[in-house]
Amino acid sequence: FGSSFAFSSQKLARFANYPGSIMQAPVQQTLGMSTEATTDVDIELPPRQHAEMMSDPQHEASNVSYSKHESAPLKGDKLFSKLLCWNCGIGDPLGNVICGSHDFCFCIECQDDCGLGGKEKCLKCLNSCELFYPEARCGCFCKLFFLKCGMVNPLDKPFLVCCEKEIA
């Protein structure tokens with residue numbers, strides 16, 4: 001029995017040294033690269049970025065209520081007056097805008113014109129309205145013949161004007 005055990009041990013040892021043997025220890029293999037070029041690198045992901053809440057936002061009234069539209073009262077108009085958010089003035093009864101309005105509030109702007117803005121100073125009427133990304137601007141202006149009126153931000157200076165004379 002002892003000689004048969006020695007014989008089978010020799011066979012087993014020879015089989016273990018055989019290159020295609022299943023008895024070999026596993027070896028790491030990398031496809032397409034030489035074994036000298038391979039290195040094991042442990043790469044960690046960066047820590048997860050936590051969402052930050054915005055700091056306390058500052059709330060304020062709209063700071064832009066100016067309009068270049070001909071229906072808007074301007075400081076240069078005759079008898080221009082303003083009381084906090086309401087302003088008015090006297091303009092040209094005829095012109096590019098005889099009757100019209102210009103309104104805008106955050107994300108919408110509308111404009112109506114009826115006047116002598118057509119070809120060769122002929123009557124022309126237009127109406128437009130558009131939406132856009134919100135902006136901090138609001139205002140409402142209208143004109144009827146010579147009278148111009150508007151509603152503006154009450155924080156816009158000057159606060160009080162009477163017949164073109166600035167009071168406060």
# chains A, B, ... in the order shown; residues from 1 in each chain; ligands from 1

call {"tool": "residues_around", "arguments": {"residues": "Glu120 (chain A)", "least_positions_apart": "4", "cutoff": "12 Å", "atoms": "only C-alpha atoms", "output": "ChimeraX atom specification"}}
result
/A:96,116,124

call {"tool": "atom_distance", "arguments": {"atom1": "CA of Ile108 (chain A)", "atom2": "CA of Leu147 (chain A)"}}
result
24.8 Å

call {"tool": "residues_around", "arguments": {"residues": "Tyr133 (chain A)", "least_positions_apart": "6", "cutoff": "12 Å", "atoms": "only C-alpha atoms", "output": "VMD selection string"}}
result
chain A and resid 105 to 109

call {"tool": "residues_around", "arguments": {"residues": "Asn87 (chain A)", "least_positions_apart": "5", "cutoff": "10 Å", "atoms": "only C-alpha atoms", "output": "PyMOL selection string"}}
result
chain A and resi 72-75+80-82+141+148-152+159-162

call {"tool": "write_last_selection", "arguments": {"atoms": "C-alpha atoms", "output": "PDB file, in the first residue's frame"}}
result
ATOM      1  CA  ALA A  72     -44.920 107.466 -20.559  1.00  0.00           C
ATOM      2  CA  PRO A  73     -44.667 110.812 -18.753  1.00  0.00           C
ATOM      3  CA  LEU A  74     -41.095 112.138 -18.677  1.00  0.00           C
ATOM      4  CA  LYS A  75     -39.440 114.872 -16.609  1.00  0.00           C
ATOM      5  CA  PHE A  80     -44.726 116.974 -15.168  1.00  0.00           C
ATOM      6  CA  SER A  81     -45.869 115.927 -11.685  1.00  0.00           C
ATOM      7  CA  LYS A  82     -45.308 112.896  -9.492  1.00  0.00           C
ATOM      8  CA  PHE A 141     -48.275 104.084 -18.733  1.00  0.00           C
ATOM      9  CA  LYS A 148     -49.905 111.184 -20.141  1.00  0.00           C
ATOM     10  CA  CYS A 149     -50.220 109.167 -16.944  1.00  0.00           C
ATOM     11  CA  GLY A 150     -48.154 106.435 -15.376  1.00  0.00           C
ATOM     12  CA  MET A 151     -47.774 104.192 -12.389  1.00  0.00           C
ATOM     13  CA  VAL A 152     -44.180 103.581 -11.336  1.00  0.00           C
ATOM     14  CA  PHE A 159     -40.817 111.098  -4.663  1.00  0.00           C
ATOM     15  CA  LEU A 160     -42.738 114.344  -5.079  1.00  0.00           C
ATOM     16  CA  VAL A 161     -42.739 116.666  -8.108  1.00  0.00           C
ATOM     17  CA  CYS A 162     -45.327 119.379  -8.754  1.00  0.00           C
TER      18      CYS A 162
END

call {"tool": "atom_distance", "arguments": {"atom1": "CA of Asp113 (chain A)", "atom2": "CA of Lys78 (chain A)"}}
result
21.3 Å

call {"tool": "atom_distance", "arguments": {"atom1": "CA of His102 (chain A)", "atom2": "CA of Ala168 (chain A)"}}
result
26.4 Å

call {"tool": "closest_residue", "arguments": {"among": "A:Asp77, A:Pro154, A:Glu70, A:Ser65", "to": "Cys99 (chain A)", "atoms": "only C-alpha atoms"}}
result
A:Glu70
